[in-house]
Amino acid sequence: MKVVHSWIRDLAALPDDVDAISFTLSDIGLAVESVDKVGATVAGVITARVIKTERHPDAAKVHRVFLDNGDGTEHHVWCGAFNMQPGDIIPWATPGTAMPDGRLIETKPIVGIPSEGMCCSARELGLGDDHGGILIMDPSTPIGIPYGQALGMAEEIVYDIDVLRNRPDAYGQVGVARDLAARFKVPFTLNNPILVVSGPSKSAPVEIVAGDRCARFTTIIISGIRIAPSPDWMVSRLAASSMRSINNVVDVSNYVMLETNQPNHAYDFATLGGGGFKIRLAADGETMITLDGVERALSTDDLLICDATDRPIGIAGIMGGQNTEISDSTNTIALETAWFEPVGIMQSVARLNLRTEASARNERGMDPFGIDQSIARFVELLRITCPDLVVHEGMVDARSSSIPTPTVIAVRPTRVSALLGASFTSEQIRSLIEPIGFACAVASESLSVTVPSWRPDCTLEIDIVEEVARHFGYDKLGKTVPKSTQPGGLSIVQQRRRRVREILLGLGFNEAMPHPFLTDGDLQNAGLSGEAVRLMNPLVVGDDVLRTSLRPGLLKAIAFNESHRRSGVSFFEVGHVYPTSTDVLPAEYESLGVVVAGAEAPAAVAVWRELAGSMGWGARLDQSNVPAGLHPTRSATLSVGKDAVGFVGEIHPDVLDAYNITQRVAVLELNLSRLLEVEPKVSQWKATSRYPSSDIDLAFTVPTSVTAEKIEKSLRQSAGALLVDLALFDVYRSKDSGDSRSLAFRLRLQAQDRTLTDADVAAVRDRCIAGANKLSAQLR
Amino acid sequence: MIAEITAARTAAEQSIAAASTLEELRVLDTDLLGKKSPLALLKTGLGKLSTVDEKKAAGQALNEAMLAVEEVLNARRALLGRAERDVQLAAEALDLTEHFNAPGRGKAHIVTQAWQRLEDVFVGLGFQVAEGPEVETDWYNFEALNMPPSHPARSMHDTFYVDHGQPGSTVLRTHTSPVQIRVMQNVAPPIYMIMPGRVFRNETTDATHLAVFHQIEGLVIDRGITLADLAGTIEAFTQAFFGPGFTSRLRPSYFPFTEPSAEFDIRTPKGDWLELGGCGMVHPNVLRAGGLDPEEWSGFAFGFGIDRMAKERHGVGDVREMYTNDIRFIEQF
């Protein structure tokens with residue numbers, strides 16, 4: 001919203017201090033995005049009359065122009081445009097002028113004859129795109145004056161402010177001026193002229209059919225209008241507000257809206273069928289052509305303004321129709337000013353995708369009682385260009401029962417003080433909010449505050465608390481720190497999550513954050529079920545699948561890096577996945593994914609073992625149960641009881657192909673939500689023995705069907721209490737070993753109370769071999 | 001006898017001086033001081049001397065000789081030992097700049113780094129950390145936060161709707177604020193919590209905007225909490241997180257779930273202002289939705305983006321870069 005410096009200073013006795021106003025606007029919640037100068041003219045460019053023009057035999061592309069600027073001297077300029085005649089008034093950039101495009105105008109000679117400056121086109125002066133020739137000005141223009149003055153241009157300072165949802169009034173210069181005046185503690189005056197009604201009775205009757213959508217609809221007939229240009233000051237303020245001047249009637253309509261915040265519409269009364277209005281909802285399939293020439297398909301929730309013959313002539317609160325537009329021959333207008341229910345307007349705006357200055361105001365909620373003042377202001381301003389206009393008796397003021405009634409709020413000074421952290425008396429509250437229109441009556445323990453009709457956002461005591469804070473100044477409330485009575489800290493689960501991250505970082509993994517949205521097929525390509533929750537309105541068509549696994553995202557990350565000549569990357573990700581569910585929400589949980597490109601399954605198992613050991617997690621590696629998408633003979637489900645808490649192994653080669661990955665990828669996926677709940681056992685002290693230890697190395701030929709884990713368990717059991725350490729230290733598969741391999745274990749034996757004898761060690765060795773034999777493992 | 005002792009001593013000392021390795025010295029040790037050494041043999045001959053005086057003089061000379069030989073031997077051993085160690089040390093010389101890039105510690109994502117730094121600062125200020133689901137019901141995301149259906153502020157949130165349950169009932173949370181309600185429902189006040197997490201906005205991404213990003217939100221609910229407490233907490237955070245030269249200010253603003261509402265800006269030591277986030281006193285309707293009586297409890301909430309903290313700290317030109325998972329990006333931090 002553009003706030004015009006000169007305009008708000010007409011309405012309130014504000015200081016002529018741009019910095020102070022800009023700072024204060026932000027300080028009362030009207031955040032200033034930028035401060036701009038609009039309509040600035042180029043200094044040094046003055047009006048001059050062309051005396052004569054002359055060609056020169058040595059300069060084909062330019063001619064000589066002799067100028068009179070009233071100082072009695074003939075000035076000579078070389079010019080490349082030939083559109084001027086002797087007697088024309090043109091803008092002349094005198095030597096020393098800095099042009100908007102950065103050129104500095106100097107006295108330069110052509111064929112030895114100096115040129116005193118330059119004749120200017122409209123574009124060179126920033127007055128539009130016309131560069132077809134030199135700007136020829138009105139013949140009555142005085143010479144020797146700044147061209148801006150001749151064109152009636154005024155420089156305006158404009159504050160571009162961000163109007164918040166709870167400040168519909170700040171869409172008008174009046175609302176902003178009122179707010180600023182209160183903070184600066186200067187008088188604010190509303191232009192509230194008396195409406196002089198002089199013509200014979202002439203009415204445009206109104207029928208409100210949809211009373212819940214239109215609470216007030218006023219019409220007044222104004223005749224004796226002559227379509228003409230607007231005064232310069234109005235044109236320049238409209239321009240400062242980014243509005244183009246059309247003609248005096250349209251301009252006044254816009255000007256009144258910008259000033260009072262009240263949209264209005266002027267209909268050519270001659271084209272108004274039946275001479276009256278009907279406000280109703282659109283019929284199914286109804287269409288109309290709006291002012292912008294577009295045919296709009298309407299829905300039964302769009303509110304229409306129709307003429308008395310039921311012909312649509314405007315979409316209420318948004319845009320008028322072409323059929324009743326003001327034309328050069330318009331003599332009599334019907335001026336409509338109305339109040340529409342804001343949510344309905346907002347929904348129509350969204351449905352039609354049609355946003356206008358009027359709709360921006362109407363959808364935020366207008367002042368239903370500001371209508372009368374805006375009509376009087378309209379007439380006052382139009383009378384400047386139409387001194388003979390006649391306002392007819394017979395104004396129609398149709399209202400429905402849905403017209404807002406004034407809100408009265410009980411405000412407790414104790415409550416205001418308790419929330420703001422400073423003591424406020426009734427009198428202090430009154431002095432802060434009465435200047436912005438809140439009428440206060442002091443009751444016993446509270447204030448009775450009547451909300452002004454232009455602030456429909458205020459309905460609760462807390463809304464008044466905010467107004468008090470805003471006008472007292474947030475900065476003046478001070479800064480205190482509440483004393484937390486609880487200790488700060490991360491929860492146990494959060495601490496464990498950080499430890500998991502630290503372990504993985506320590507193992508050399510980098511953290512990735514792939515996008516949680518997948519494309520159709522990503523899950524299936526990873527060998528996962530395509531059943532997933534989908535977005536109804538994805539940002540990118542097709543990117544609508546909510547991931548059920550971190551695997552696709554991590555595989556994409558590997559593929560991306562491989563395609564950029566970075567093979568062998570290893571990533572982990574901690575992130576949410578969202579499997580489907582029949583509950584209120586999907587079965588969302590936190591997952592951990594680890595991928596190691598260029599590595600085989602044992603790399604992932606090693607990560608699992610490191611995490612499990614550090615975090616106190618346990619799970620069975622169930623190789624008989626390999627989930628789809630993983631390498632069938634190199635992967636396992638991590639099971640706890642009947643539940644899977646994750647998967648470990650290698651990505652299936654088919655999946656690698658589908659993701660264009662040429663390296664093997666080891667993978668670990670864990671249900672972190674579940675595992676972080678695991679309370680690790682606290683390790684208990686075992687005395688270290690002071691006696692010497694003995695080692696036994698045992699290598700077995702073991703059938704492929706028997707896992708190393710089984711042999712290990714058997715050895716552990718056989719060795720009994722003397723075993724202090726057991727480790728697999730070699731696996732050997734020879735070409736002719738067939739369906740078996742060699743596994744070599746080292747056992748360290750030690751007693752708490754004595755040095756072991758050879759007999760002790762031999763006994764353990766025999767037991768271990770016998771135990772292994774039972775599992776079809778033969779000592780090598 | 002005395003002459004023999006002197007000769008044996010001189011001979012021993014000469015052979016020690018001639019030894020050039022520790023190994024030779026080890027042999028000499030036995031040869032010169034052992035049971036069969038010339039000096040030891042002379043000692044066995046002491047008994048054959050006739051007078052007590054002779055025995056006494058020869059015995060004394062013998063002891064002196066043996067001590068002297070031992071001393072010379074030790075000195076020679078120390079000297080040769082040092083020389084041999086010096087040779088060893090010289091031979092073991094390494095150029096420590098012959099460095100191979102071995103895989104080292106991995107890098108945490110810069111958003112995680114910012115997230116944890118923020119958590120740590122707030123933990124220091126007495127806050128605990130709460131979390132909630134990323135897929136939310138419309139009620140938690142909007143309605144409980146004082147945005148009933150058709151509330152105009154909903155249009156400020158470009159919401160992703162999720163095809164789950166009744167149409168429109170499930171969304172990807174547009175902010176971390178629904179966690180406020182979940183906390184109020186589950187934790188009895190006083191509440192001093194921060195709520196970091198991933199949020200979603202259905203808006204076109206560019207160098208400073210993402211559709212999926214991260215926010216951190218704070219919620220304090222206690223008896224007698226004021227707007228001044230909010231300003232003071234923001235100030236304490238500003239100084240703890242950014243440094244002692246930084247200050248903050250609140251500017252009036254509008255959010256449906258807080259009132260009075262404010263934007264908070266940070267002032268750098270150079271005097272520049274940065275808009276950081278939104279905040280305000282928890283709206284009475286929100287307290288009620290969380291099951292709390294606004295006449296008994298009051299509180300404040302604040303929130304801001306985590307991604308931007310990471311972006312600004314590391315000077316990342318385009319936030320989209322942070323989510324390419326390009327190892328060349330991740331490795332930089």
# chains A, B, ... in the order shown; residues from 1 in each chain; ligands from 1
$ residues_around --residues "region 162-173 of chain B" --least-positions-apart "6" --cutoff "10 Å" --atoms "only C-alpha atoms" --output "ChimeraX atom specification"
/A:532-538,544-546,580-586 /B:132-142,179,197-202,212
$ closest_atom_pairs --of "chain B" --to "chain A" --cutoff "6 Å" --atoms "only C-alpha atoms" --output "JSON lines"
{"residue": "B:Gly104", "atom": "CA", "partner": "A:Gly508", "partner_atom": "CA", "distance": 5.5}
{"residue": "B:Arg105", "atom": "CA", "partner": "A:Gly508", "partner_atom": "CA", "distance": 4.3}
{"residue": "B:Gly106", "atom": "CA", "partner": "A:Gly508", "partner_atom": "CA", "distance": 4.1}
{"residue": "B:Lys107", "atom": "CA", "partner": "A:Asn510", "partner_atom": "CA", "distance": 4.8}
{"residue": "B:Ala108", "atom": "CA", "partner": "A:Glu511", "partner_atom": "CA", "distance": 5.0}
{"residue": "B:His109", "atom": "CA", "partner": "A:Glu511", "partner_atom": "CA", "distance": 5.2}
{"residue": "B:Val123", "atom": "CA", "partner": "A:Gly488", "partner_atom": "CA", "distance": 4.7}
{"residue": "B:Gly126", "atom": "CA", "partner": "A:Gly488", "partner_atom": "CA", "distance": 3.8}
{"residue": "B:Phe127", "atom": "CA", "partner": "A:Gly488", "partner_atom": "CA", "distance": 4.4}
{"residue": "B:Gln128", "atom": "CA", "partner": "A:Gly488", "partner_atom": "CA", "distance": 5.0}
{"residue": "B:Val129", "atom": "CA", "partner": "A:Leu490", "partner_atom": "CA", "distance": 5.9}
{"residue": "B:Tyr161", "atom": "CA", "partner": "A:Met536", "partner_atom": "CA", "distance": 5.4}
{"residue": "B:Val162", "atom": "CA", "partner": "A:Leu535", "partner_atom": "CA", "distance": 4.5}
{"residue": "B:Asp163", "atom": "CA", "partner": "A:Arg534", "partner_atom": "CA", "distance": 5.5}
{"residue": "B:Asn202", "atom": "CA", "partner": "A:Leu539", "partner_atom": "CA", "distance": 5.9}
{"residue": "B:Thr226", "atom": "CA", "partner": "A:Leu419", "partner_atom": "CA", "distance": 4.6}
{"residue": "B:Leu227", "atom": "CA", "partner": "A:Leu420", "partner_atom": "CA", "distance": 4.9}
{"residue": "B:Ala228", "atom": "CA", "partner": "A:Lys479", "partner_atom": "CA", "distance": 4.8}
{"residue": "B:Asp229", "atom": "CA", "partner": "A:Thr480", "partner_atom": "CA", "distance": 4.7}
{"residue": "B:Ala231", "atom": "CA", "partner": "A:Lys479", "partner_atom": "CA", "distance": 5.1}
{"residue": "B:Gly232", "atom": "CA", "partner": "A:Lys479", "partner_atom": "CA", "distance": 4.0}
{"residue": "B:Thr233", "atom": "CA", "partner": "A:Val481", "partner_atom": "CA", "distance": 5.5}
{"residue": "B:Arg251", "atom": "CA", "partner": "A:Asp27", "partner_atom": "CA", "distance": 5.6}
{"residue": "B:Pro252", "atom": "CA", "partner": "A:Gly29", "partner_atom": "CA", "distance": 4.3}
{"residue": "B:Ser253", "atom": "CA", "partner": "A:Gly29", "partner_atom": "CA", "distance": 5.3}
{"residue": "B:Pro260", "atom": "CA", "partner": "A:Glu466", "partner_atom": "CA", "distance": 4.5}
{"residue": "B:Asn325", "atom": "CA", "partner": "A:Ala512", "partner_atom": "CA", "distance": 5.5}
$ write_last_selection --atoms "N, CA and C atoms" --output "PDB file, in the first residue's frame"
ATOM      1  N   GLY B 104      38.290 -39.131   6.824  1.00  0.00           N
ATOM      2  CA  GLY B 104      38.240 -38.650   8.203  1.00  0.00           C
ATOM      3  C   GLY B 104      36.820 -38.627   8.701  1.00  0.00           C
ATOM      4  N   ARG B 105      36.572 -37.793   9.679  1.00  0.00           N
ATOM      5  CA  ARG B 105      35.250 -37.627  10.241  1.00  0.00           C
ATOM      6  C   ARG B 105      34.325 -37.043   9.173  1.00  0.00           C
ATOM      7  N   GLY B 106      33.060 -37.472   9.190  1.00  0.00           N
ATOM      8  CA  GLY B 106      32.086 -36.949   8.234  1.00  0.00           C
ATOM      9  C   GLY B 106      31.602 -35.571   8.647  1.00  0.00           C
ATOM     10  N   LYS B 107      30.792 -34.968   7.757  1.00  0.00           N
ATOM     11  CA  LYS B 107      30.285 -33.619   8.020  1.00  0.00           C
ATOM     12  C   LYS B 107      28.779 -33.670   8.284  1.00  0.00           C
ATOM     13  N   ALA B 108      28.374 -33.024   9.358  1.00  0.00           N
ATOM     14  CA  ALA B 108      26.941 -32.893   9.616  1.00  0.00           C
ATOM     15  C   ALA B 108      26.380 -31.850   8.652  1.00  0.00           C
ATOM     16  N   HIS B 109      25.141 -32.035   8.232  1.00  0.00           N
ATOM     17  CA  HIS B 109      24.486 -31.065   7.347  1.00  0.00           C
ATOM     18  C   HIS B 109      24.479 -29.700   8.031  1.00  0.00           C
ATOM     19  N   VAL B 123      18.830 -24.300  25.486  1.00  0.00           N
ATOM     20  CA  VAL B 123      18.991 -25.169  26.656  1.00  0.00           C
ATOM     21  C   VAL B 123      19.701 -24.388  27.756  1.00  0.00           C
ATOM     22  N   GLY B 126      17.478 -22.311  29.729  1.00  0.00           N
ATOM     23  CA  GLY B 126      16.482 -23.004  30.555  1.00  0.00           C
ATOM     24  C   GLY B 126      15.336 -23.624  29.783  1.00  0.00           C
ATOM     25  N   PHE B 127      15.530 -23.839  28.477  1.00  0.00           N
ATOM     26  CA  PHE B 127      14.451 -24.423  27.676  1.00  0.00           C
ATOM     27  C   PHE B 127      14.664 -25.920  27.481  1.00  0.00           C
ATOM     28  N   GLN B 128      13.539 -26.647  27.352  1.00  0.00           N
ATOM     29  CA  GLN B 128      13.586 -28.033  26.913  1.00  0.00           C
ATOM     30  C   GLN B 128      13.142 -28.081  25.450  1.00  0.00           C
ATOM     31  N   VAL B 129      13.271 -29.244  24.844  1.00  0.00           N
ATOM     32  CA  VAL B 129      13.022 -29.349  23.404  1.00  0.00           C
ATOM     33  C   VAL B 129      11.875 -30.321  23.147  1.00  0.00           C
ATOM     34  N   TYR B 161      -1.867 -29.948   0.922  1.00  0.00           N
ATOM     35  CA  TYR B 161      -2.877 -30.845   1.469  1.00  0.00           C
ATOM     36  C   TYR B 161      -2.505 -32.284   1.158  1.00  0.00           C
ATOM     37  N   VAL B 162      -2.785 -33.149   2.134  1.00  0.00           N
ATOM     38  CA  VAL B 162      -2.392 -34.546   2.036  1.00  0.00           C
ATOM     39  C   VAL B 162      -3.641 -35.386   1.856  1.00  0.00           C
ATOM     40  N   ASP B 163      -3.564 -36.341   0.950  1.00  0.00           N
ATOM     41  CA  ASP B 163      -4.709 -37.204   0.667  1.00  0.00           C
ATOM     42  C   ASP B 163      -4.805 -38.277   1.752  1.00  0.00           C
ATOM     43  N   ASN B 202       3.766 -24.512   0.176  1.00  0.00           N
ATOM     44  CA  ASN B 202       3.575 -24.775  -1.244  1.00  0.00           C
ATOM     45  C   ASN B 202       3.841 -23.502  -2.029  1.00  0.00           C
ATOM     46  N   THR B 226       4.789 -11.674  30.680  1.00  0.00           N
ATOM     47  CA  THR B 226       4.421 -10.400  30.058  1.00  0.00           C
ATOM     48  C   THR B 226       5.136 -10.213  28.712  1.00  0.00           C
ATOM     49  N   LEU B 227       4.662  -9.180  27.998  1.00  0.00           N
ATOM     50  CA  LEU B 227       5.307  -8.819  26.735  1.00  0.00           C
ATOM     51  C   LEU B 227       6.762  -8.399  26.979  1.00  0.00           C
ATOM     52  N   ALA B 228       7.027  -7.783  28.131  1.00  0.00           N
ATOM     53  CA  ALA B 228       8.409  -7.406  28.469  1.00  0.00           C
ATOM     54  C   ALA B 228       9.279  -8.652  28.642  1.00  0.00           C
ATOM     55  N   ASP B 229       8.657  -9.738  29.157  1.00  0.00           N
ATOM     56  CA  ASP B 229       9.395 -11.003  29.276  1.00  0.00           C
ATOM     57  C   ASP B 229       9.775 -11.537  27.904  1.00  0.00           C
ATOM     58  N   ALA B 231      10.270  -9.682  25.188  1.00  0.00           N
ATOM     59  CA  ALA B 231      11.353  -8.832  24.674  1.00  0.00           C
ATOM     60  C   ALA B 231      12.680  -9.193  25.325  1.00  0.00           C
ATOM     61  N   GLY B 232      12.647  -9.483  26.634  1.00  0.00           N
ATOM     62  CA  GLY B 232      13.866  -9.822  27.366  1.00  0.00           C
ATOM     63  C   GLY B 232      14.432 -11.168  26.947  1.00  0.00           C
ATOM     64  N   THR B 233      13.533 -12.123  26.663  1.00  0.00           N
ATOM     65  CA  THR B 233      13.991 -13.446  26.237  1.00  0.00           C
ATOM     66  C   THR B 233      14.617 -13.363  24.847  1.00  0.00           C
ATOM     67  N   ARG B 251       8.737  -5.067  16.826  1.00  0.00           N
ATOM     68  CA  ARG B 251       7.874  -4.159  16.071  1.00  0.00           C
ATOM     69  C   ARG B 251       6.490  -4.771  15.988  1.00  0.00           C
ATOM     70  N   PRO B 252       5.425  -3.985  16.161  1.00  0.00           N
ATOM     71  CA  PRO B 252       4.086  -4.567  16.104  1.00  0.00           C
ATOM     72  C   PRO B 252       3.853  -5.295  14.775  1.00  0.00           C
ATOM     73  N   SER B 253       3.180  -6.416  14.854  1.00  0.00           N
ATOM     74  CA  SER B 253       2.855  -7.171  13.654  1.00  0.00           C
ATOM     75  C   SER B 253       1.559  -7.923  13.888  1.00  0.00           C
ATOM     76  N   PRO B 260      -0.651  -9.371  21.949  1.00  0.00           N
ATOM     77  CA  PRO B 260      -0.044  -8.586  20.875  1.00  0.00           C
ATOM     78  C   PRO B 260       1.029  -9.386  20.126  1.00  0.00           C
ATOM     79  N   ASN B 325      22.527 -32.402  -1.873  1.00  0.00           N
ATOM     80  CA  ASN B 325      23.283 -33.570  -1.419  1.00  0.00           C
ATOM     81  C   ASN B 325      24.519 -33.792  -2.271  1.00  0.00           C
TER      82      ASN B 325
END
$ atom_distance --atom1 "CA of Phe213 (chain B)" --atom2 "CA of Ile306 (chain B)"
7.9 Å
$ residues_around --residues "Ile110 (chain B)" --least-positions-apart "3" --cutoff "12 Å" --atoms "only C-alpha atoms" --output "number ranges by chain"
A: 510-513; B: 107, 113-117, 214, 306-316, 319, 321-323, 325, 329-333
$ select_by_dssp --residues "region 9-56 of chain A" --states "strand (DSSP E)" --output "number ranges by chain"
A: 32-38, 45-56
$ select_by_dssp --residues "region 128-298 of chain B" --states "alpha helix (DSSP H)" --output "VMD selection string"
chain B and resid 138 to 141 178 to 186 227 to 242 284 to 289
$ residues_around --residues "Leu258 (chain A)" --least-positions-apart "5" --cutoff "12 Å" --atoms "only C-alpha atoms" --output "PyMOL selection string"
chain A and resi 1-4+7-8+169-176+234+237-243+251-253+263-264+357-358+360-361+374+377-378
$ write_last_selection --atoms "C-alpha atoms" --output "mmCIF file, in the first residue's frame"
data_model
loop_
_atom_site.group_PDB
_atom_site.id
_atom_site.type_symbol
_atom_site.label_atom_id
_atom_site.label_comp_id
_atom_site.auth_asym_id
_atom_site.auth_seq_id
_atom_site.Cartn_x
_atom_site.Cartn_y
_atom_site.Cartn_z
ATOM 1 C CA MET A 1 0.000 0.000 0.000
ATOM 2 C CA LYS A 2 1.415 3.363 -1.050
ATOM 3 C CA VAL A 3 1.235 6.063 1.601
ATOM 4 C CA VAL A 4 1.778 9.491 0.042
ATOM 5 C CA TRP A 7 -1.435 13.438 1.329
ATOM 6 C CA ILE A 8 -1.165 12.264 4.947
ATOM 7 C CA ASP A 169 -8.189 0.823 7.862
ATOM 8 C CA ALA A 170 -4.519 1.185 6.909
ATOM 9 C CA TYR A 171 -5.469 0.717 3.245
ATOM 10 C CA GLY A 172 -6.577 4.361 3.261
ATOM 11 C CA GLN A 173 -4.475 7.502 3.628
ATOM 12 C CA VAL A 174 -6.962 8.497 6.340
ATOM 13 C CA GLY A 175 -6.333 5.396 8.433
ATOM 14 C CA VAL A 176 -2.564 5.791 8.226
ATOM 15 C CA MET A 234 -4.805 14.731 -8.276
ATOM 16 C CA ARG A 237 -1.155 11.685 -6.249
ATOM 17 C CA LEU A 238 -2.841 8.973 -8.267
ATOM 18 C CA ALA A 239 0.445 8.367 -10.079
ATOM 19 C CA ALA A 240 2.213 8.184 -6.711
ATOM 20 C CA SER A 241 -0.312 5.470 -5.799
ATOM 21 C CA SER A 242 0.481 3.631 -9.054
ATOM 22 C CA MET A 243 -2.832 4.607 -10.634
ATOM 23 C CA ASP A 251 -10.116 9.659 -11.038
ATOM 24 C CA VAL A 252 -12.300 11.045 -8.251
ATOM 25 C CA SER A 253 -13.716 7.585 -7.677
ATOM 26 C CA PRO A 263 -14.423 1.663 -2.675
ATOM 27 C CA ASN A 264 -17.256 3.110 -4.765
ATOM 28 C CA GLU A 357 -7.763 -2.316 -5.429
ATOM 29 C CA ALA A 358 -11.444 -2.577 -4.463
ATOM 30 C CA ALA A 360 -8.194 -5.897 -1.528
ATOM 31 C CA ARG A 361 -10.191 -3.496 0.636
ATOM 32 C CA SER A 374 -16.962 9.190 1.259
ATOM 33 C CA ARG A 377 -15.979 13.781 -0.386
ATOM 34 C CA PHE A 378 -16.673 12.387 -3.879
#
$ atom_distance --atom1 "CA of Ile234 (chain B)" --atom2 "CA of Asp265 (chain B)"
9.5 Å
$ residues_around --residues "Ala153 (chain B)" --least-positions-apart "6" --cutoff "9 Å" --atoms "only C-alpha atoms" --output "ChimeraX atom specification"
/A:165 /B:147,255-256
$ write_last_selection --atoms "C-alpha atoms" --output "short mmCIF file (atom, residue, chain, number, x, y, z; two decimals), in the first residue's frame"
data_model
loop_
_atom_site.label_atom_id
_atom_site.label_comp_id
_atom_site.auth_asym_id
_atom_site.auth_seq_id
_atom_site.Cartn_x
_atom_site.Cartn_y
_atom_site.Cartn_z
CA ARG A 165 -4.48 -8.58 7.96
CA MET B 147 -7.44 -19.89 12.40
CA PHE B 255 -0.27 -13.35 13.58
CA PRO B 256 -3.58 -15.06 14.34
#
$ residues_around --residues "Asn323 (chain A)" --least-positions-apart "4" --cutoff "12 Å" --atoms "only C-alpha atoms" --output "list in words"
Tyr267, Asp268, Phe269, Ala270, Thr271, Leu272, Gly273, Met288, Ile289, Thr290, Leu291, Asp292, Gly293, Cys306, Asp307, Arg311, Pro312, Ile313, Gly314 and Ser327 of chain A
$ atom_distance --atom1 "CA of Ala559 (chain A)" --atom2 "CA of Pro653 (chain A)"
13.7 Å
$ residues_around --residues "Arg267 (chain B)" --least-positions-apart "2" --cutoff "8 Å" --atoms "only C-alpha atoms" --output "ChimeraX atom specification"
/B:246-249,265,269-274
$ write_last_selection --atoms "N, CA and C atoms" --output "PDB file, in the first residue's frame"
ATOM      1  N   PHE B 246      25.281  -7.583  19.929  1.00  0.00           N
ATOM      2  CA  PHE B 246      24.004  -7.565  19.213  1.00  0.00           C
ATOM      3  C   PHE B 246      22.847  -7.186  20.151  1.00  0.00           C
ATOM      4  N   THR B 247      21.874  -6.466  19.601  1.00  0.00           N
ATOM      5  CA  THR B 247      20.678  -6.153  20.379  1.00  0.00           C
ATOM      6  C   THR B 247      19.458  -6.489  19.525  1.00  0.00           C
ATOM      7  N   SER B 248      18.268  -6.348  20.133  1.00  0.00           N
ATOM      8  CA  SER B 248      17.046  -6.721  19.417  1.00  0.00           C
ATOM      9  C   SER B 248      15.961  -5.700  19.679  1.00  0.00           C
ATOM     10  N   ARG B 249      14.958  -5.692  18.792  1.00  0.00           N
ATOM     11  CA  ARG B 249      13.783  -4.875  19.064  1.00  0.00           C
ATOM     12  C   ARG B 249      12.535  -5.577  18.532  1.00  0.00           C
ATOM     13  N   ASP B 265      13.578  -7.875  15.275  1.00  0.00           N
ATOM     14  CA  ASP B 265      14.717  -7.527  14.439  1.00  0.00           C
ATOM     15  C   ASP B 265      15.977  -7.584  15.302  1.00  0.00           C
ATOM     16  N   PRO B 269      26.423  -5.270  15.521  1.00  0.00           N
ATOM     17  CA  PRO B 269      27.293  -4.250  16.125  1.00  0.00           C
ATOM     18  C   PRO B 269      27.584  -3.100  15.156  1.00  0.00           C
ATOM     19  N   LYS B 270      27.493  -3.361  13.843  1.00  0.00           N
ATOM     20  CA  LYS B 270      27.722  -2.298  12.863  1.00  0.00           C
ATOM     21  C   LYS B 270      26.523  -1.374  12.738  1.00  0.00           C
ATOM     22  N   GLY B 271      25.390  -1.779  13.317  1.00  0.00           N
ATOM     23  CA  GLY B 271      24.205  -0.934  13.269  1.00  0.00           C
ATOM     24  C   GLY B 271      23.182  -1.329  12.225  1.00  0.00           C
ATOM     25  N   ASP B 272      23.422  -2.439  11.506  1.00  0.00           N
ATOM     26  CA  ASP B 272      22.423  -2.895  10.529  1.00  0.00           C
ATOM     27  C   ASP B 272      21.323  -3.667  11.248  1.00  0.00           C
ATOM     28  N   TRP B 273      20.112  -3.541  10.701  1.00  0.00           N
ATOM     29  CA  TRP B 273      18.991  -4.296  11.264  1.00  0.00           C
ATOM     30  C   TRP B 273      18.668  -5.476  10.371  1.00  0.00           C
ATOM     31  N   LEU B 274      18.477  -6.645  10.975  1.00  0.00           N
ATOM     32  CA  LEU B 274      18.057  -7.832  10.233  1.00  0.00           C
ATOM     33  C   LEU B 274      16.709  -8.273  10.779  1.00  0.00           C
TER      34      LEU B 274
END
$ closest_residue --among "B:Val187, B:Ser177, B:Arg288, B:Ile16" --to "Ala301 (chain B)" --atoms "only C-alpha atoms"
B:Ser177
